[in-house]
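The next block is run33.tsv, given as TSV, C-alpha atoms.
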```tsv
chain	number	residue	atom	x	y	z
A	1	MET	CA	-60.86	48.46	-12.43
A	2	GLU	CA	-61.92	47.76	-16.02
A	3	PRO	CA	-60.63	44.42	-17.42
A	4	SER	CA	-59.62	46.24	-20.61
A	5	SER	CA	-57.48	48.87	-18.85
A	6	PRO	CA	-53.65	48.76	-19.22
A	7	GLU	CA	-53.21	48.63	-15.42
A	8	PHE	CA	-55.45	45.58	-15.13
A	9	PHE	CA	-53.51	43.87	-17.92
A	10	SER	CA	-50.18	44.67	-16.22
A	11	GLN	CA	-51.42	43.23	-12.94
A	12	ARG	CA	-52.46	40.00	-14.69
A	13	ILE	CA	-49.01	39.71	-16.29
A	14	ILE	CA	-47.28	40.23	-12.91
A	15	LEU	CA	-49.43	37.59	-11.22
A	16	LEU	CA	-49.01	35.06	-14.03
A	17	SER	CA	-45.23	35.60	-14.05
A	18	LEU	CA	-44.98	35.03	-10.28
A	19	LEU	CA	-47.21	31.96	-10.45
A	20	SER	CA	-45.14	30.54	-13.33
A	21	VAL	CA	-41.99	30.77	-11.20
A	22	GLY	CA	-43.72	28.96	-8.33
A	23	LEU	CA	-45.11	26.29	-10.67
A	24	VAL	CA	-41.67	25.59	-12.15
A	25	CYS	CA	-40.25	25.21	-8.63
A	26	VAL	CA	-42.93	22.70	-7.61
A	27	VAL	CA	-42.52	20.70	-10.83
A	28	ALA	CA	-38.76	20.62	-10.15
A	29	VAL	CA	-39.46	19.14	-6.70
A	30	VAL	CA	-41.80	16.54	-8.28
A	31	VAL	CA	-39.06	15.51	-10.74
A	32	ALA	CA	-36.42	15.39	-7.99
A	33	LEU	CA	-38.72	13.42	-5.69
A	34	THR	CA	-39.51	10.91	-8.45
A	35	ARG	CA	-35.81	10.46	-9.15
A	36	GLN	CA	-35.06	10.06	-5.42
A	37	VAL	CA	-37.78	7.47	-4.86
A	38	VAL	CA	-37.44	5.44	-8.05
A	39	TRP	CA	-33.66	5.45	-8.63
A	40	VAL	CA	-31.59	6.85	-5.74
A	41	GLU	CA	-33.30	4.85	-2.97
A	42	GLN	CA	-33.61	1.71	-5.07
A	43	SER	CA	-32.10	-1.39	-3.53
A	44	SER	CA	-30.62	-4.04	-5.81
A	45	SER	CA	-31.24	-6.73	-3.21
A	46	SER	CA	-34.98	-6.06	-2.90
A	47	THR	CA	-37.68	-8.02	-4.70
A	48	ALA	CA	-40.17	-6.34	-7.04
A	49	GLN	CA	-42.87	-6.52	-4.37
A	50	GLU	CA	-40.60	-4.93	-1.76
A	51	GLU	CA	-39.67	-2.16	-4.18
A	52	ARG	CA	-43.33	-1.50	-4.98
A	53	ARG	CA	-44.10	-1.31	-1.27
A	54	ARG	CA	-41.19	1.08	-0.73
A	55	VAL	CA	-42.16	3.38	-3.61
A	56	LEU	CA	-45.78	3.50	-2.44
A	57	SER	CA	-44.92	3.97	1.24
A	58	PRO	CA	-46.94	6.57	3.21
A	59	PHE	CA	-43.94	8.95	3.27
A	60	ASN	CA	-43.62	8.94	-0.51
A	61	THR	CA	-47.33	9.04	-1.38
A	62	GLN	CA	-48.10	11.81	1.12
A	63	LEU	CA	-45.21	14.00	-0.05
A	64	MET	CA	-46.10	13.41	-3.71
A	65	THR	CA	-49.76	14.20	-2.98
A	66	MET	CA	-48.66	17.52	-1.46
A	67	CYS	CA	-46.67	18.32	-4.60
A	68	VAL	CA	-49.44	17.32	-7.02
A	69	SER	CA	-52.12	19.26	-5.13
A	70	LEU	CA	-49.83	22.30	-5.09
A	71	VAL	CA	-49.27	21.97	-8.85
A	72	GLY	CA	-53.06	21.84	-9.28
A	73	THR	CA	-53.42	24.94	-7.12
A	74	TYR	CA	-50.97	26.92	-9.25
A	75	VAL	CA	-52.61	25.76	-12.49
A	76	CYS	CA	-56.14	26.59	-11.29
A	77	PHE	CA	-55.15	30.04	-10.05
A	78	MET	CA	-53.29	30.81	-13.28
A	79	SER	CA	-56.27	29.61	-15.31
A	80	GLN	CA	-58.61	31.82	-13.27
A	81	ILE	CA	-56.42	34.89	-13.82
A	82	ALA	CA	-55.88	34.24	-17.54
A	83	PHE	CA	-59.41	33.24	-18.54
A	84	SER	CA	-61.67	34.62	-15.75
A	85	HIS	CA	-63.64	31.42	-15.16
A	86	ASN	CA	-66.59	31.25	-12.78
A	87	PRO	CA	-64.87	32.37	-9.53
A	88	TRP	CA	-67.12	30.25	-7.30
A	89	VAL	CA	-66.36	27.04	-9.20
A	90	MET	CA	-62.64	27.81	-9.04
A	91	THR	CA	-62.89	28.61	-5.30
A	92	ALA	CA	-64.46	25.19	-4.68
A	93	LEU	CA	-61.70	23.48	-6.66
A	94	LEU	CA	-58.97	25.48	-4.90
A	95	ASP	CA	-60.49	24.69	-1.48
A	96	PHE	CA	-60.42	20.98	-2.34
A	97	LEU	CA	-56.77	21.17	-3.44
A	98	THR	CA	-55.85	23.22	-0.36
A	99	GLY	CA	-57.60	20.71	1.90
A	100	THR	CA	-55.75	17.85	0.19
A	101	PHE	CA	-52.43	19.64	0.66
A	102	GLU	CA	-53.14	20.35	4.34
A	103	ILE	CA	-54.22	16.76	5.08
A	104	SER	CA	-51.15	15.31	3.35
A	105	TYR	CA	-48.94	17.78	5.23
A	106	VAL	CA	-50.46	16.83	8.59
A	107	TRP	CA	-50.20	13.10	7.91
A	108	TYR	CA	-46.63	13.33	6.59
A	109	SER	CA	-45.43	15.54	9.44
A	110	TRP	CA	-47.06	13.38	12.10
A	111	THR	CA	-45.72	10.15	10.61
A	112	ARG	CA	-42.23	11.62	10.90
A	113	ALA	CA	-42.65	13.41	14.24
A	114	SER	CA	-45.02	11.23	16.30
A	115	THR	CA	-42.19	9.30	17.98
A	116	ILE	CA	-40.37	12.50	18.95
A	117	ILE	CA	-43.48	14.26	20.27
A	118	GLY	CA	-44.49	11.11	22.13
A	119	ARG	CA	-41.17	11.15	23.98
A	120	VAL	CA	-41.29	14.77	25.15
A	121	HIS	CA	-45.08	15.43	25.39
A	122	PRO	CA	-46.94	12.10	25.82
A	123	ARG	CA	-50.32	13.69	26.62
A	124	THR	CA	-50.06	16.19	23.80
A	125	ALA	CA	-49.10	13.37	21.44
A	126	LYS	CA	-52.35	11.53	22.22
A	127	ALA	CA	-54.43	14.65	21.53
A	128	VAL	CA	-52.57	15.39	18.30
A	129	ASP	CA	-52.95	11.77	17.20
A	130	SER	CA	-56.73	12.06	17.64
A	131	PHE	CA	-56.75	15.24	15.53
A	132	VAL	CA	-54.70	13.57	12.81
A	133	ARG	CA	-57.22	10.72	12.61
A	134	PHE	CA	-60.10	13.16	12.00
A	135	ALA	CA	-58.08	15.68	9.94
A	136	PRO	CA	-59.99	15.06	6.67
A	137	LEU	CA	-63.28	15.89	8.43
A	138	PHE	CA	-61.91	19.24	9.67
A	139	LEU	CA	-59.86	20.22	6.64
A	140	TYR	CA	-62.31	19.20	3.89
A	141	ALA	CA	-65.27	20.88	5.63
A	142	GLN	CA	-64.53	24.16	3.81
A	143	VAL	CA	-65.21	22.46	0.47
A	144	VAL	CA	-68.92	21.87	1.21
A	145	PRO	CA	-70.06	25.54	1.32
A	146	ALA	CA	-67.69	26.32	-1.58
A	147	VAL	CA	-69.44	23.69	-3.71
A	148	PHE	CA	-72.79	25.12	-2.55
A	149	ASP	CA	-71.71	28.59	-3.77
A	150	ALA	CA	-70.59	27.12	-7.08
A	151	LEU	CA	-74.00	25.49	-7.57
A	152	CYS	CA	-75.82	28.70	-6.61
A	153	SER	CA	-73.80	30.66	-9.16
A	154	LEU	CA	-75.16	28.43	-11.94
A	155	PHE	CA	-78.79	29.28	-11.16
A	156	GLU	CA	-79.94	32.90	-11.14
A	157	ASP	CA	-82.63	32.31	-8.49
A	158	TRP	CA	-80.05	30.94	-6.07
A	159	THR	CA	-77.48	33.73	-6.37
A	160	PRO	CA	-78.71	35.58	-3.22
A	161	LEU	CA	-77.58	32.53	-1.19
A	162	ILE	CA	-73.96	32.89	-2.33
A	163	GLN	CA	-73.16	35.48	0.33
A	164	THR	CA	-74.26	33.12	3.10
A	165	GLY	CA	-72.30	30.24	1.60
A	166	THR	CA	-69.21	32.43	1.28
A	167	LEU	CA	-69.43	33.43	4.95
A	168	VAL	CA	-69.67	29.77	6.00
A	169	GLU	CA	-66.81	28.84	3.65
A	170	GLN	CA	-64.54	31.53	5.08
A	171	THR	CA	-65.43	30.49	8.63
A	172	LEU	CA	-64.64	26.82	7.99
A	173	SER	CA	-61.49	27.75	6.06
A	174	SER	CA	-60.34	29.85	9.01
A	175	PHE	CA	-61.17	26.98	11.38
A	176	ALA	CA	-59.07	24.61	9.24
A	177	SER	CA	-56.18	27.07	9.36
A	178	VAL	CA	-56.46	27.34	13.16
A	179	CYS	CA	-56.40	23.52	13.42
A	180	VAL	CA	-53.20	23.30	11.37
A	181	PHE	CA	-51.76	26.23	13.34
A	182	VAL	CA	-52.33	24.45	16.68
A	183	PHE	CA	-50.90	21.26	15.17
A	184	ASP	CA	-47.73	23.11	14.12
A	185	VAL	CA	-47.38	24.84	17.48
A	186	ALA	CA	-47.54	21.42	19.17
A	187	LEU	CA	-44.88	20.07	16.81
A	188	LEU	CA	-42.69	23.15	17.21
A	189	SER	CA	-42.94	22.92	21.00
A	190	GLY	CA	-42.03	19.23	20.94
A	191	PHE	CA	-39.15	19.78	18.52
A	192	SER	CA	-37.75	22.62	20.64
A	193	LYS	CA	-37.85	20.53	23.81
A	194	HIS	CA	-36.31	17.55	22.02
A	195	ILE	CA	-33.47	19.74	20.70
A	196	ARG	CA	-32.72	21.04	24.21
A	197	GLN	CA	-32.67	17.52	25.62
A	198	MET	CA	-30.54	16.24	22.73
A	199	TYR	CA	-27.87	18.91	23.09
A	200	ARG	CA	-27.82	18.52	26.88
A	201	ASP	CA	-27.24	14.79	26.45
A	202	MET	CA	-24.54	15.50	23.86
A	203	GLU	CA	-22.66	17.72	26.30
A	204	GLU	CA	-23.00	15.28	29.19
A	205	VAL	CA	-22.51	11.95	27.41
A	206	GLY	CA	-20.78	12.97	24.18
A	207	VAL	CA	-23.39	11.57	21.79
A	208	PRO	CA	-22.52	12.44	18.13
A	209	LYS	CA	-24.65	15.19	16.59
A	210	THR	CA	-25.31	13.51	13.24
A	211	ASP	CA	-28.46	11.71	14.28
A	212	HIS	CA	-31.60	10.55	12.44
A	213	PHE	CA	-33.89	12.37	14.87
A	214	ILE	CA	-31.87	15.60	14.77
A	215	ILE	CA	-32.33	15.75	11.00
A	216	ILE	CA	-36.09	15.35	11.42
A	217	VAL	CA	-36.20	17.91	14.22
A	218	HIS	CA	-34.21	20.58	12.38
A	219	HIS	CA	-36.24	20.27	9.17
A	220	GLY	CA	-39.45	19.94	11.19
A	221	VAL	CA	-38.78	23.24	12.95
A	222	VAL	CA	-38.34	25.05	9.63
A	223	SER	CA	-41.41	23.38	8.13
A	224	SER	CA	-43.62	24.24	11.12
A	225	ALA	CA	-42.33	27.83	11.17
A	226	LEU	CA	-43.14	28.22	7.47
A	227	TRP	CA	-46.66	26.90	7.96
A	228	ILE	CA	-47.25	29.20	10.95
A	229	ALA	CA	-46.15	32.12	8.74
A	230	VAL	CA	-48.65	30.95	6.11
A	231	ILE	CA	-51.46	31.02	8.70
A	232	PHE	CA	-50.64	34.57	9.77
A	233	ILE	CA	-50.45	35.78	6.17
A	234	TYR	CA	-53.72	34.02	5.38
A	235	ALA	CA	-55.31	35.89	8.30
A	236	ALA	CA	-54.17	39.14	6.67
A	237	THR	CA	-56.19	38.31	3.53
A	238	MET	CA	-59.38	38.63	5.60
A	239	PHE	CA	-58.79	42.40	5.63
A	240	LEU	CA	-58.32	42.69	1.87
A	241	PRO	CA	-61.04	42.91	-0.81
A	242	GLN	CA	-61.50	39.42	-2.24
A	243	HIS	CA	-60.07	38.97	-5.77
A	244	SER	CA	-58.36	42.38	-5.64
A	245	PHE	CA	-54.77	42.66	-6.91
A	246	GLU	CA	-53.45	42.97	-3.33
A	247	TYR	CA	-55.44	39.89	-2.29
A	248	ASP	CA	-54.05	37.89	-5.22
A	249	VAL	CA	-50.45	38.96	-4.49
A	250	VAL	CA	-50.76	37.82	-0.87
A	251	THR	CA	-52.29	34.55	-2.09
A	252	VAL	CA	-49.28	34.03	-4.38
A	253	LEU	CA	-47.00	34.64	-1.38
A	254	ILE	CA	-48.88	31.90	0.51
A	255	TYR	CA	-48.31	29.54	-2.43
A	256	PHE	CA	-44.59	30.40	-2.44
A	257	LEU	CA	-44.28	29.60	1.27
A	258	SER	CA	-46.18	26.33	0.70
A	259	THR	CA	-43.70	25.52	-2.09
A	260	ALA	CA	-40.81	26.27	0.27
A	261	ASN	CA	-42.43	23.96	2.82
A	262	VAL	CA	-42.60	21.10	0.30
A	263	PHE	CA	-38.94	21.66	-0.59
A	264	VAL	CA	-37.94	21.52	3.11
A	265	LEU	CA	-39.83	18.24	3.58
A	266	PHE	CA	-38.19	16.85	0.43
A	267	ARG	CA	-34.76	17.87	1.74
A	268	MET	CA	-35.58	16.14	5.03
A	269	LYS	CA	-36.33	12.93	3.13
A	270	VAL	CA	-33.06	13.18	1.19
A	271	SER	CA	-31.06	13.94	4.35
A	272	VAL	CA	-32.62	11.03	6.25
A	273	HIS	CA	-31.75	8.66	3.38
A	274	GLN	CA	-28.18	9.97	3.16
A	275	ASN	CA	-27.76	9.57	6.91
A	276	SER	CA	-29.03	5.98	6.71
A	277	VAL	CA	-26.53	5.23	3.94
A	278	ARG	CA	-23.68	6.72	5.99
A	279	GLU	CA	-24.69	4.71	9.07
A	280	SER	CA	-24.89	1.50	7.02
A	281	SER	CA	-21.46	2.19	5.49
A	282	SER	CA	-19.99	2.88	8.93
A	283	MET	CA	-21.42	-0.36	10.33
A	284	MET	CA	-20.09	-2.37	7.38
A	285	SER	CA	-16.68	-0.70	7.70
A	286	ALA	CA	-16.59	-1.41	11.44
A	287	ALA	CA	-17.61	-5.03	10.86
A	288	TYR	CA	-14.94	-5.43	8.15
A	289	THR	CA	-12.26	-3.87	10.39
A	290	GLY	CA	-13.22	-6.17	13.26
A	291	HIS	CA	-13.11	-9.20	10.97
A	292	SER	CA	-9.66	-8.18	9.67
A	293	LYS	CA	-8.31	-7.76	13.20
A	294	LYS	CA	-9.67	-11.16	14.17
A	295	GLN	CA	-7.91	-12.77	11.21
A	296	THR	CA	-4.67	-11.00	12.15
A	297	PHE	CA	-4.83	-12.25	15.74
A	298	ASN	CA	-5.54	-15.79	14.55
A	299	SER	CA	-2.49	-15.62	12.27
A	300	VAL	CA	-0.27	-14.45	15.15
A	301	ASP	CA	-1.57	-17.26	17.39
A	302	ASN	CA	-0.89	-19.86	14.72
A	303	ASN	CA	2.66	-18.62	14.31
```
Can you dump the structure from the file as structure tokens?
Amino acid sequence: MEPSSPEFFSQRIILLSLLSVGLVCVVAVVVALTRQVVWVEQSSSSTAQEERRRVLSPFNTQLMTMCVSLVGTYVCFMSQIAFSHNPWVMTALLDFLTGTFEISYVWYSWTRASTIIGRVHPRTAKAVDSFVRFAPLFLYAQVVPAVFDALCSLFEDWTPLIQTGTLVEQTLSSFASVCVFVFDVALLSGFSKHIRQMYRDMEEVGVPKTDHFIIIVHHGVVSSALWIAVIFIYAATMFLPQHSFEYDVVTVLIYFLSTANVFVLFRMKVSVHQNSVRESSSMMSAAYTGHSKKQTFNSVDNN
């Protein structure tokens, strides 16, 4: 299709409009996350050093890194559509941002879920822990051939090598997706088993359902399911012409699901904090009630 044709122009407008909606949603999560970390979770009794350590905790930095890399992904894709930059340079940059998002997602999810998976699948937990340690090696591998393609595109004599580099890049990108897919299946399996055990214990013992781990499990199930959907949709792009309108629309859908994933993980963080506040309030209330009863009994004894 000719870049000057009305249909081409309409397709660009549609893509830019969809990407703008996604970008606004991610920026909203960044603002909400900043507010949550800096103000809502702030403790008046903590020292400046303790507050700095809390703000820069792995949970906060990993979730913020996911958001920032996703913002960069939206901006780069919008820039590519609007200004038609060198596609190979943009692919290398997008692969780096995607790898950063995936690594942060794996680290964040495992930091939250490792205890749960270790309880229900000890052997699987050890294997997953090994993968998490080497995740950057697997998930950044796709960037190397993408950078090679970008360099080849700058020199006319090297352009015949781009096809080979693209094939390697797509292979490594697919391998990275499979790695994250297996990781999510392991988490989903562990979460499902933990839920069954939890509800069985609740029925037998009467344990209350508002539990720290249940919050993590429920949000973790949704997050893993979203990422598995992303992997399947990404596989569908292999059958579409690269940089076609259909390919770009499916790519935007992947970005939307990634945005939804970030929102779910943010909601999990908020819910965990709210649950901790409720538990602390309940403990303080119980302690105050016990102290009041003790004073009442002492008064009766004295009389």
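Minimum atom-to-atom distance to Ser20 in chain A, evaluated using all atoms listed in the file, belongs to A:Val252 out of A:Val89, A:Val40, A:Val252, A:Ala146.
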Within 7 Å of Tyr74 in chain A using all atoms listed in the file, minus same-chain residues under 4 positions, as a PyMOL selection string: chain A and resi 19+23+70+78
Residues just named, written with C-alpha atoms as a CSV table (one decimal), keeping the file's coordinate frame:
```
chain,number,residue,atom,x,y,z
A,19,LEU,CA,-47.2,32.0,-10.4
A,23,LEU,CA,-45.1,26.3,-10.7
A,70,LEU,CA,-49.8,22.3,-5.1
A,78,MET,CA,-53.3,30.8,-13.3
```
What's around range 159-163 of chain A at 9 Å? Count only C-alpha atoms, leave out sequence neighbours fewer than 5 positions away in its own chain, and write the answer as a PDB file with C-alpha atoms, in the frame of the given file.
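Final output, saved to part35.pdb:
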```pdb
ATOM      1  CA  TRP A  88     -67.120  30.250  -7.300  1.00  0.00           C
ATOM      2  CA  PHE A 148     -72.790  25.120  -2.550  1.00  0.00           C
ATOM      3  CA  ASP A 149     -71.710  28.590  -3.770  1.00  0.00           C
ATOM      4  CA  ALA A 150     -70.590  27.120  -7.080  1.00  0.00           C
ATOM      5  CA  CYS A 152     -75.820  28.700  -6.610  1.00  0.00           C
ATOM      6  CA  SER A 153     -73.800  30.660  -9.160  1.00  0.00           C
ATOM      7  CA  LEU A 154     -75.160  28.430 -11.940  1.00  0.00           C
ATOM      8  CA  VAL A 168     -69.670  29.770   6.000  1.00  0.00           C
TER       9      VAL A 168
END
```
Which is closest to Phe191 in chain A among A:His121, A:Trp158, A:Ala235, A:Arg133, if we use only C-alpha atoms?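 Of all the options, A:His121 lies closest to Phe191 in chain A.
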For Phe256 in chain A, which of A:Val230, A:Val55, A:Leu97, A:Leu139 is the closest residue, counting all atoms listed in the file?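 When distances to Phe256 in chain A are compared using all atoms listed in the file, the smallest one comes from A:Val230.
Distances from A:Ala28, A:Val178, A:Val272, A:Val37 to Ile214 in chain A were compared using all atoms listed in the file, and the smallest one belongs to A:Val272.
With only C-alpha atoms taken into account, the protein and nucleic acid residues at most 12 Å from Gly72 in chain A (excluding it and anything under 6 positions from it in its own chain) are Leu19, Gly22, Leu23, Val26, Val27, Thr65, Met66, Met78, Ser79, Met90, Leu93, Leu94, Asp95, Phe96, Leu97, Thr98, Thr100, Phe101 and Tyr255 of chain A.
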Interatomic distance between CA of Ser224 in chain A and CA of Leu188 in chain A?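 CA of Leu188 in chain A lies at a distance of 6.3 Å from CA of Ser224 in chain A.
Distance annotation: of A:Leu240, A:Ala229, A:Ala92, A:Ile81, the residue with the minimal separation from Phe8 in chain A is A:Ile81; atom set is all atoms listed in the file.
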Will you model N, CA and C atoms for range 101-120 of chain A and pass it back as a PDB file, in the coordinates of the input?
```pdb
ATOM      1  N   PHE A 101     -53.799  19.283   0.284  1.00  0.00           N
ATOM      2  CA  PHE A 101     -52.430  19.640   0.660  1.00  0.00           C
ATOM      3  C   PHE A 101     -52.276  19.638   2.183  1.00  0.00           C
ATOM      4  N   GLU A 102     -53.222  20.256   2.880  1.00  0.00           N
ATOM      5  CA  GLU A 102     -53.140  20.350   4.340  1.00  0.00           C
ATOM      6  C   GLU A 102     -53.190  18.972   4.995  1.00  0.00           C
ATOM      7  N   ILE A 103     -54.084  18.110   4.504  1.00  0.00           N
ATOM      8  CA  ILE A 103     -54.220  16.760   5.080  1.00  0.00           C
ATOM      9  C   ILE A 103     -52.935  15.966   4.858  1.00  0.00           C
ATOM     10  N   SER A 104     -52.395  16.029   3.650  1.00  0.00           N
ATOM     11  CA  SER A 104     -51.150  15.310   3.350  1.00  0.00           C
ATOM     12  C   SER A 104     -50.004  15.844   4.205  1.00  0.00           C
ATOM     13  N   TYR A 105     -49.976  17.165   4.394  1.00  0.00           N
ATOM     14  CA  TYR A 105     -48.940  17.780   5.230  1.00  0.00           C
ATOM     15  C   TYR A 105     -49.044  17.289   6.676  1.00  0.00           C
ATOM     16  N   VAL A 106     -50.255  17.273   7.212  1.00  0.00           N
ATOM     17  CA  VAL A 106     -50.460  16.830   8.590  1.00  0.00           C
ATOM     18  C   VAL A 106     -50.076  15.366   8.748  1.00  0.00           C
ATOM     19  N   TRP A 107     -50.525  14.528   7.833  1.00  0.00           N
ATOM     20  CA  TRP A 107     -50.200  13.100   7.910  1.00  0.00           C
ATOM     21  C   TRP A 107     -48.703  12.864   7.775  1.00  0.00           C
ATOM     22  N   TYR A 108     -48.067  13.518   6.807  1.00  0.00           N
ATOM     23  CA  TYR A 108     -46.630  13.330   6.590  1.00  0.00           C
ATOM     24  C   TYR A 108     -45.837  13.793   7.811  1.00  0.00           C
ATOM     25  N   SER A 109     -46.165  14.981   8.305  1.00  0.00           N
ATOM     26  CA  SER A 109     -45.430  15.540   9.440  1.00  0.00           C
ATOM     27  C   SER A 109     -45.595  14.671  10.682  1.00  0.00           C
ATOM     28  N   TRP A 110     -46.813  14.182  10.902  1.00  0.00           N
ATOM     29  CA  TRP A 110     -47.060  13.380  12.100  1.00  0.00           C
ATOM     30  C   TRP A 110     -46.408  12.001  11.984  1.00  0.00           C
ATOM     31  N   THR A 111     -46.391  11.431  10.798  1.00  0.00           N
ATOM     32  CA  THR A 111     -45.720  10.150  10.610  1.00  0.00           C
ATOM     33  C   THR A 111     -44.241  10.264  10.963  1.00  0.00           C
ATOM     34  N   ARG A 112     -43.628  11.392  10.596  1.00  0.00           N
ATOM     35  CA  ARG A 112     -42.230  11.620  10.900  1.00  0.00           C
ATOM     36  C   ARG A 112     -42.000  11.987  12.371  1.00  0.00           C
ATOM     37  N   ALA A 113     -42.913  12.780  12.939  1.00  0.00           N
ATOM     38  CA  ALA A 113     -42.650  13.410  14.240  1.00  0.00           C
ATOM     39  C   ALA A 113     -43.321  12.735  15.428  1.00  0.00           C
ATOM     40  N   SER A 114     -44.225  11.791  15.204  1.00  0.00           N
ATOM     41  CA  SER A 114     -45.020  11.230  16.300  1.00  0.00           C
ATOM     42  C   SER A 114     -44.142  10.611  17.400  1.00  0.00           C
ATOM     43  N   THR A 115     -43.076   9.921  16.989  1.00  0.00           N
ATOM     44  CA  THR A 115     -42.190   9.300  17.980  1.00  0.00           C
ATOM     45  C   THR A 115     -41.508  10.352  18.850  1.00  0.00           C
ATOM     46  N   ILE A 116     -41.052  11.432  18.209  1.00  0.00           N
ATOM     47  CA  ILE A 116     -40.370  12.500  18.950  1.00  0.00           C
ATOM     48  C   ILE A 116     -41.320  13.193  19.914  1.00  0.00           C
ATOM     49  N   ILE A 117     -42.506  13.569  19.420  1.00  0.00           N
ATOM     50  CA  ILE A 117     -43.480  14.260  20.270  1.00  0.00           C
ATOM     51  C   ILE A 117     -43.947  13.352  21.398  1.00  0.00           C
ATOM     52  N   GLY A 118     -44.087  12.057  21.094  1.00  0.00           N
ATOM     53  CA  GLY A 118     -44.490  11.110  22.130  1.00  0.00           C
ATOM     54  C   GLY A 118     -43.484  11.000  23.254  1.00  0.00           C
ATOM     55  N   ARG A 119     -42.214  11.224  22.954  1.00  0.00           N
ATOM     56  CA  ARG A 119     -41.170  11.150  23.980  1.00  0.00           C
ATOM     57  C   ARG A 119     -41.217  12.356  24.921  1.00  0.00           C
ATOM     58  N   VAL A 120     -41.412  13.545  24.346  1.00  0.00           N
ATOM     59  CA  VAL A 120     -41.290  14.770  25.150  1.00  0.00           C
ATOM     60  C   VAL A 120     -42.636  15.271  25.686  1.00  0.00           C
TER      61      VAL A 120
END
```
